[in-house]
Structures are given as C-alpha cells and as structure tokens.
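Visitor: Dropping in data.pdb, with PDB, C-alpha atoms.
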```
ATOM      1  CA  MET A 172     -10.337  -1.568   6.757  1.00  0.00           C
ATOM      2  CA  THR A 173      -7.787  -3.770   8.484  1.00  0.00           C
ATOM      3  CA  THR A 174      -4.079  -3.104   8.009  1.00  0.00           C
ATOM      4  CA  ARG A 175      -1.968  -6.230   7.840  1.00  0.00           C
ATOM      5  CA  ASN A 176       0.990  -6.930  10.153  1.00  0.00           C
ATOM      6  CA  ASP A 177       4.644  -5.940   9.732  1.00  0.00           C
ATOM      7  CA  GLU A 178       5.566  -8.952   7.628  1.00  0.00           C
ATOM      8  CA  SER A 179       3.341  -7.532   4.895  1.00  0.00           C
ATOM      9  CA  MET A 180       5.193  -4.193   4.808  1.00  0.00           C
ATOM     10  CA  ARG A 181       8.005  -2.844   2.646  1.00  0.00           C
ATOM     11  CA  GLU A 182      10.112   0.197   3.435  1.00  0.00           C
ATOM     12  CA  PHE A 183      11.430   2.445   0.668  1.00  0.00           C
ATOM     13  CA  ASN A 184      12.464   6.062   0.125  1.00  0.00           C
ATOM     14  CA  ASP A 185      10.581   8.558  -2.013  1.00  0.00           C
ATOM     15  CA  GLU A 186      12.268  10.941  -4.475  1.00  0.00           C
ATOM     16  CA  GLU A 187      13.066  13.359  -1.643  1.00  0.00           C
ATOM     17  CA  GLY A 188      14.686  10.688   0.548  1.00  0.00           C
ATOM     18  CA  ARG A 189      11.810  10.369   3.034  1.00  0.00           C
ATOM     19  CA  SER A 190      11.192   6.874   4.337  1.00  0.00           C
ATOM     20  CA  TRP A 191       7.803   5.307   3.563  1.00  0.00           C
ATOM     21  CA  THR A 192       6.199   1.967   4.319  1.00  0.00           C
ATOM     22  CA  ALA A 193       4.104   0.206   1.692  1.00  0.00           C
ATOM     23  CA  GLY A 194       1.677  -2.429   2.828  1.00  0.00           C
ATOM     24  CA  ILE A 195      -1.646  -4.058   2.246  1.00  0.00           C
ATOM     25  CA  ALA A 196      -4.999  -3.453   3.882  1.00  0.00           C
ATOM     26  CA  GLU A 197      -8.063  -5.659   3.908  1.00  0.00           C
ATOM     27  CA  ARG A 198     -11.564  -4.369   3.285  1.00  0.00           C
ATOM     28  CA  GLU A 199     -14.176  -5.980   5.537  1.00  0.00           C
ATOM     29  CA  GLY A 200     -17.164  -7.765   4.066  1.00  0.00           C
ATOM     30  CA  LEU A 201     -18.319 -10.934   2.374  1.00  0.00           C
ATOM     31  CA  ASP A 202     -17.111 -10.083  -1.126  1.00  0.00           C
ATOM     32  CA  TYR A 203     -13.608 -11.482  -1.541  1.00  0.00           C
ATOM     33  CA  LYS A 204     -12.931  -9.911  -4.958  1.00  0.00           C
ATOM     34  CA  GLY A 205     -10.456  -7.102  -4.579  1.00  0.00           C
ATOM     35  CA  ARG A 206     -10.540  -7.347  -0.805  1.00  0.00           C
ATOM     36  CA  PHE A 207      -6.859  -6.409  -0.394  1.00  0.00           C
ATOM     37  CA  HIS A 208      -5.391  -3.110  -1.580  1.00  0.00           C
ATOM     38  CA  LEU A 209      -2.161  -1.101  -1.455  1.00  0.00           C
ATOM     39  CA  ILE A 210      -1.513   1.499   1.261  1.00  0.00           C
ATOM     40  CA  PHE A 211       1.352   3.857   2.105  1.00  0.00           C
ATOM     41  CA  ARG A 212       2.376   5.690   5.260  1.00  0.00           C
ATOM     42  CA  PRO A 213       5.461   7.532   6.424  1.00  0.00           C
ATOM     43  CA  THR A 214       7.686   5.052   8.270  1.00  0.00           C
ATOM     44  CA  GLY A 215       7.003   5.095  11.992  1.00  0.00           C
ATOM     45  CA  GLN A 216       3.375   6.243  11.780  1.00  0.00           C
ATOM     46  CA  GLU A 217       0.478   3.970  12.644  1.00  0.00           C
ATOM     47  CA  ASP A 218      -2.327   5.124  10.373  1.00  0.00           C
ATOM     48  CA  PRO A 219      -2.148   4.829   6.590  1.00  0.00           C
ATOM     49  CA  THR A 220      -1.708   8.206   5.012  1.00  0.00           C
ATOM     50  CA  VAL A 221      -2.727   7.301   1.478  1.00  0.00           C
ATOM     51  CA  GLY A 222      -3.985   4.240  -0.315  1.00  0.00           C
ATOM     52  CA  LEU A 223      -4.664   3.021  -3.803  1.00  0.00           C
ATOM     53  CA  GLU A 224      -7.913   1.115  -3.668  1.00  0.00           C
ATOM     54  CA  ASP A 225      -7.741   0.385  -7.389  1.00  0.00           C
ATOM     55  CA  VAL A 226      -4.545  -1.659  -6.861  1.00  0.00           C
ATOM     56  CA  ARG A 227      -6.364  -4.715  -5.520  1.00  0.00           C
ATOM     57  CA  TRP A 228      -5.873  -8.403  -4.985  1.00  0.00           C
ATOM     58  CA  ASN A 229      -8.292 -11.219  -4.214  1.00  0.00           C
ATOM     59  CA  SER A 230      -6.045 -12.998  -1.727  1.00  0.00           C
ATOM     60  CA  GLU A 231      -3.508 -12.034   0.905  1.00  0.00           C
ATOM     61  CA  LYS A 232      -1.016 -14.486  -0.592  1.00  0.00           C
ATOM     62  CA  THR A 233      -1.137 -12.741  -3.986  1.00  0.00           C
ATOM     63  CA  ALA A 234      -0.972  -9.291  -2.394  1.00  0.00           C
ATOM     64  CA  LEU A 235       2.116 -10.244  -0.353  1.00  0.00           C
ATOM     65  CA  ARG A 236       3.860 -11.816  -3.334  1.00  0.00           C
ATOM     66  CA  THR A 237       3.219  -8.743  -5.473  1.00  0.00           C
ATOM     67  CA  LEU A 238       4.370  -6.338  -2.773  1.00  0.00           C
ATOM     68  CA  GLU A 239       7.563  -8.351  -2.244  1.00  0.00           C
ATOM     69  CA  THR A 240       8.414  -8.210  -5.944  1.00  0.00           C
ATOM     70  CA  MET A 241       7.637  -4.522  -6.587  1.00  0.00           C
ATOM     71  CA  SER A 242      10.725  -2.480  -7.373  1.00  0.00           C
ATOM     72  CA  GLY A 243      11.584   0.771  -5.609  1.00  0.00           C
ATOM     73  CA  VAL A 244      10.753   2.606  -8.823  1.00  0.00           C
ATOM     74  CA  GLU A 245       7.293   1.024  -8.934  1.00  0.00           C
ATOM     75  CA  LEU A 246       6.642   1.800  -5.263  1.00  0.00           C
ATOM     76  CA  ARG A 247       7.639   5.447  -5.772  1.00  0.00           C
ATOM     77  CA  ARG A 248       5.411   5.694  -8.852  1.00  0.00           C
ATOM     78  CA  ARG A 249       2.438   4.225  -6.978  1.00  0.00           C
ATOM     79  CA  LEU A 250       3.080   6.554  -4.016  1.00  0.00           C
ATOM     80  CA  ARG A 251       3.122   9.609  -6.310  1.00  0.00           C
ATOM     81  CA  SER A 252      -0.180   8.477  -7.775  1.00  0.00           C
ATOM     82  CA  ALA A 253      -1.758   7.904  -4.357  1.00  0.00           C
ATOM     83  CA  ARG A 254      -0.570  11.246  -3.019  1.00  0.00           C
ATOM     84  CA  GLY A 255      -1.790  13.063  -6.127  1.00  0.00           C
ATOM     85  CA  ARG A 256      -5.221  11.502  -5.821  1.00  0.00           C
ATOM     86  CA  ALA A 257      -5.401  12.318  -2.094  1.00  0.00           C
ATOM     87  CA  GLU A 258      -4.584  15.970  -2.773  1.00  0.00           C
ATOM     88  CA  GLY A 259      -7.258  16.148  -5.475  1.00  0.00           C
ATOM     89  CA  ALA A 260      -9.935  14.612  -3.270  1.00  0.00           C
TER      90      ALA A 260
END
```
Once you've parsed the file, please lay out its structure as structure tokens.

Guide:
Amino acid sequence: MTTRNDESMREFNDEEGRSWTAGIAEREGLDYKGRFHLIFRPTGQEDPTVGLEDVRWNSEKTALRTLETMSGVELRRRLRSARGRAEGA
C-alpha cells in the first residue's frame, strides 16, 4: 500500500476535538479497479491508523475530488466506521 502525498490529505476534528488527517492510499498491483481507498491517521503521525478499503476509487483523480468534497460530518462518520471495524478485527 502506498500513501499519497500531502496534497491528497484533509485535516478535520473528530467528535472529541482530536485532529485527524484523511487521505487516500494506493494498493499495488495490475488491477486498477478499486485501487485507491480511504485512510485516516491522527494528525502528525506517519503511518495510517485505520482505513476503509471498501471506500474505493478507480483513479487518483476521482479519489482526490471525492476527498476534497467530503464534509466534516461525512469524514467523522467514515472515521467512526473505520475505528469500529479496526476494534472488531
């Protein structure tokens, strides 16, 4: 998995006021379908903490456009989902 650069990141605060960064990561391989997916990490950390591999895009352009247009409410909802799944795994 390759995490994209800073221009593909969005900062937002969760319900408790902690700062998070939402971004996109690219899965390696020949299959382009769903290659890009949503990731989250606490702001200032390098490694993604949680990801949603079922929120996928076929191209980086589409992933970036979607991430740019997601509201804070949507980002918080997706983060809650990712964190819940990570705890259950």

Visitor: So which residues touch stretch 197-213 of chain A within 10 Å, counting all atoms listed in the file, skipping near sequence neighbours fewer than 6 positions away, as JSON, numbers by chain?

Guide: {"A": [172, 173, 174, 175, 180, 181, 182, 183, 184, 185, 189, 190, 191, 219, 220, 221, 222, 223, 224, 225, 226, 227, 228, 229, 230, 231, 232, 233, 234, 235, 238, 246, 249, 250, 253, 254]}

Visitor: Could you state the separation of atom CA of A:Ser242 and atom CA of A:Gly259 in Å, given to one decimal place?

Guide: 26.0 Å

Visitor: Suppose you want the space between atom CA of A:Glu217 and atom CA of A:Val244; what is it in Å?

Guide: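 Atom CA of A:Val244 lies 23.8 Å from atom CA of A:Glu217.
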
Visitor: May I ask for the distance between atom CA of A:Gly255 and atom CA of A:Ala193, given in Å to one decimal place?

Guide: 16.2 Å

Visitor: Using only C-alpha atoms, can you tell me which of A:Gly194, A:Thr214, A:Glu186, A:Arg251 comes closest to A:Glu239?

Guide: A:Gly194

Visitor: Generate the coordinates of N, CA and C atoms for stretch 178-206 of chain A; report them as a compact mmCIF listing (two decimals), in the frame of the given file.

Guide:
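Produced file result.txt, reproduced below:
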```txt
# COMPACT_ATOMS: atom_id res chain seq x y z
N GLU A 178 4.97 -8.10 8.65
CA GLU A 178 5.57 -8.95 7.63
C GLU A 178 5.00 -8.66 6.24
N SER A 179 3.92 -7.89 6.19
CA SER A 179 3.34 -7.53 4.89
C SER A 179 3.69 -6.10 4.52
N MET A 180 4.79 -5.57 5.06
CA MET A 180 5.19 -4.19 4.81
C MET A 180 6.55 -4.15 4.10
N ARG A 181 6.72 -3.10 3.31
CA ARG A 181 8.01 -2.84 2.65
C ARG A 181 8.39 -1.40 2.86
N GLU A 182 9.62 -1.17 3.28
CA GLU A 182 10.11 0.20 3.44
C GLU A 182 10.87 0.61 2.18
N PHE A 183 10.73 1.89 1.82
CA PHE A 183 11.43 2.44 0.67
C PHE A 183 11.51 3.95 0.86
N ASN A 184 12.33 4.61 0.06
CA ASN A 184 12.46 6.06 0.12
C ASN A 184 11.82 6.69 -1.10
N ASP A 185 11.15 7.83 -0.88
CA ASP A 185 10.58 8.56 -2.01
C ASP A 185 11.68 9.37 -2.69
N GLU A 186 11.30 10.17 -3.69
CA GLU A 186 12.27 10.94 -4.47
C GLU A 186 13.03 11.95 -3.63
N GLU A 187 12.45 12.36 -2.52
CA GLU A 187 13.07 13.36 -1.64
C GLU A 187 13.83 12.73 -0.48
N GLY A 188 13.93 11.39 -0.48
CA GLY A 188 14.69 10.69 0.55
C GLY A 188 13.91 10.37 1.82
N ARG A 189 12.62 10.70 1.86
CA ARG A 189 11.81 10.37 3.03
C ARG A 189 11.46 8.89 3.02
N SER A 190 11.46 8.30 4.20
CA SER A 190 11.19 6.87 4.34
C SER A 190 9.68 6.62 4.42
N TRP A 191 9.21 5.70 3.60
CA TRP A 191 7.80 5.31 3.56
C TRP A 191 7.68 3.80 3.76
N THR A 192 6.52 3.38 4.20
CA THR A 192 6.20 1.97 4.32
C THR A 192 5.02 1.67 3.41
N ALA A 193 5.19 0.68 2.55
CA ALA A 193 4.10 0.21 1.69
C ALA A 193 3.57 -1.08 2.31
N GLY A 194 2.28 -1.23 2.26
CA GLY A 194 1.68 -2.43 2.83
C GLY A 194 0.35 -2.74 2.17
N ILE A 195 -0.34 -3.69 2.76
CA ILE A 195 -1.65 -4.06 2.25
C ILE A 195 -2.67 -3.89 3.36
N ALA A 196 -3.88 -3.57 2.96
CA ALA A 196 -5.00 -3.45 3.88
C ALA A 196 -6.13 -4.33 3.35
N GLU A 197 -6.94 -4.79 4.26
CA GLU A 197 -8.06 -5.66 3.91
C GLU A 197 -9.37 -4.94 4.17
N ARG A 198 -10.22 -4.93 3.17
CA ARG A 198 -11.56 -4.37 3.28
C ARG A 198 -12.47 -5.43 3.90
N GLU A 199 -13.25 -5.06 4.88
CA GLU A 199 -14.18 -5.98 5.54
C GLU A 199 -15.36 -6.27 4.62
N GLY A 200 -15.97 -7.42 4.82
CA GLY A 200 -17.16 -7.76 4.07
C GLY A 200 -17.12 -9.17 3.51
N LEU A 201 -18.21 -9.58 2.90
CA LEU A 201 -18.32 -10.93 2.37
C LEU A 201 -17.71 -11.09 0.99
N ASP A 202 -17.64 -10.01 0.23
CA ASP A 202 -17.11 -10.08 -1.13
C ASP A 202 -15.59 -10.17 -1.08
N TYR A 203 -15.05 -11.29 -1.59
CA TYR A 203 -13.61 -11.48 -1.54
C TYR A 203 -12.89 -10.81 -2.71
N LYS A 204 -13.59 -10.47 -3.78
CA LYS A 204 -12.93 -9.91 -4.96
C LYS A 204 -12.38 -8.52 -4.66
N GLY A 205 -11.09 -8.38 -4.82
CA GLY A 205 -10.46 -7.10 -4.58
C GLY A 205 -10.45 -6.68 -3.13
N ARG A 206 -10.47 -7.64 -2.24
CA ARG A 206 -10.54 -7.35 -0.80
C ARG A 206 -9.28 -6.65 -0.29
```
